[in-house]
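final-v3.pdb (PDB, C-alpha atoms) appears below.
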```pdb
ATOM      1  CA  MET F  59     -75.443  32.995-161.809
ATOM      2  CA  SER F  60     -78.565  31.566-163.331
ATOM      3  CA  GLU F  61     -80.583  28.883-161.575
ATOM      4  CA  ALA F  62     -79.621  26.209-164.130
ATOM      5  CA  LYS F  63     -75.903  26.909-163.774
ATOM      6  CA  LEU F  64     -76.189  26.906-159.972
ATOM      7  CA  SER F  65     -78.028  23.597-160.065
ATOM      8  CA  GLN F  66     -75.399  22.163-162.414
ATOM      9  CA  ALA F  67     -72.587  23.374-160.120
ATOM     10  CA  LYS F  68     -74.220  21.689-157.116
ATOM     11  CA  LEU F  69     -74.594  18.465-159.089
ATOM     12  CA  SER F  70     -70.950  18.670-160.124
ATOM     13  CA  GLN F  71     -69.877  19.149-156.488
ATOM     14  CA  ALA F  72     -72.022  16.207-155.400
ATOM     15  CA  ARG F  73     -70.440  13.987-158.053
ATOM     16  CA  LEU F  74     -66.961  15.081-156.986
ATOM     17  CA  ARG F  75     -67.802  14.352-153.340
ATOM     18  CA  GLU F  76     -69.160  10.935-154.326
ATOM     19  CA  ALA F  77     -66.021  10.153-156.326
ATOM     20  CA  ARG F  78     -63.801  11.123-153.387
ATOM     21  CA  LEU F  79     -65.860   8.977-151.029
ATOM     22  CA  ARG F  80     -65.644   6.033-153.414
ATOM     23  CA  GLN F  81     -61.875   6.475-153.720
ATOM     24  CA  ALA F  82     -61.524   6.591-149.927
ATOM     25  CA  ALA F  83     -63.570   3.388-149.616
ATOM     26  CA  VAL F  84     -61.352   1.644-152.172
ATOM     27  CA  MET F  85     -58.196   2.772-150.376
ATOM     28  CA  LEU F  86     -59.526   1.580-147.001
ATOM     29  CA  THR F  87     -60.441  -1.757-148.525
ATOM     30  CA  LEU F  88     -56.985  -2.158-150.018
ATOM     31  CA  ALA F  89     -55.222  -0.989-146.863
ATOM     32  CA  PHE F  90     -57.175  -3.046-144.336
ATOM     33  CA  GLY F  91     -59.528  -5.481-146.027
ATOM     34  CA  VAL F  92     -57.049  -7.314-148.225
ATOM     35  CA  PRO F  93     -54.445  -7.934-145.471
ATOM     36  CA  LEU F  94     -57.180  -9.040-143.061
ATOM     37  CA  VAL F  95     -58.581 -11.522-145.580
ATOM     38  CA  LEU F  96     -55.097 -12.853-146.324
ATOM     39  CA  ALA F  97     -54.380 -13.225-142.600
ATOM     40  CA  TRP F  98     -57.704 -15.023-142.122
ATOM     41  CA  PHE F  99     -56.954 -17.517-144.892
ATOM     42  CA  GLY F 100     -53.455 -17.956-143.498
ATOM     43  CA  LEU F 101     -54.874 -18.827-140.083
ATOM     44  CA  LEU F 102     -57.343 -21.246-141.643
ATOM     45  CA  GLY F 103     -54.570 -22.885-143.638
ATOM     46  CA  TRP F 104     -52.371 -23.165-140.559
ATOM     47  CA  GLY F 105     -55.275 -24.728-138.657
ATOM     48  CA  VAL F 106     -55.760 -27.318-141.403
ATOM     49  CA  VAL F 107     -52.042 -28.164-141.337
ATOM     50  CA  TRP F 108     -52.102 -28.452-137.544
ATOM     51  CA  LEU F 109     -55.164 -30.735-137.638
ATOM     52  CA  ALA F 110     -53.589 -32.908-140.347
ATOM     53  CA  ARG F 111     -50.370 -33.273-138.325
ATOM     54  CA  SER F 112     -52.399 -34.151-135.232
ATOM     55  CA  ALA F 113     -54.410 -36.728-137.136
ATOM     56  CA  LEU F 114     -51.284 -38.287-138.648
ATOM     57  CA  SER F 115     -49.558 -38.561-135.290
ATOM     58  CA  LEU F 116     -52.439 -40.566-133.772
TER      59      LEU F 116
END
```
Transcribe the structure of this file into structure tokens.
Amino acid sequence: MSEAKLSQAKLSQARLREARLRQAAVMLTLAFGVPLVLAWFGLLGWGVVWLARSALSL
């Protein structure tokens, strides 16, 4: 294998590795990040409702 082809093969492997890493990061974000953010906003919303009920009952 010539030096140029070897260098190109290494670059191709690095790009493939980078694409796999990016895909794994996206999957982790979708699997954990989105539900956590939704749960956080749900808790905030519930807290606002609870505070409003408390304020109205005073």
Check: CA of Ala67 (chain F) and CA of Leu79 (chain F), how far apart in Å?
Finding: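 Rounded to one decimal, the two atoms are 18.3 Å apart.
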Where is the centre and how long are the edges: axis-aligned box on region 91-109 of chain F, 5 Å on each side, Å to one decimal, as JSON:
```
{"center_x": -55.8, "center_y": -18.1, "center_z": -142.9, "size_x": 17.5, "size_y": 35.3, "size_z": 20.7}
```
Margin query: Report, in Å with one decimal, the straight-line distance from CA of Ala83 (chain F) to CA of Val95 (chain F).
Written below: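 Separation of CA of Ala83 (chain F) and CA of Val95 (chain F): 16.2 Å.
CA of Leu96 (chain F) lies 22.8 Å from CA of Arg80 (chain F).
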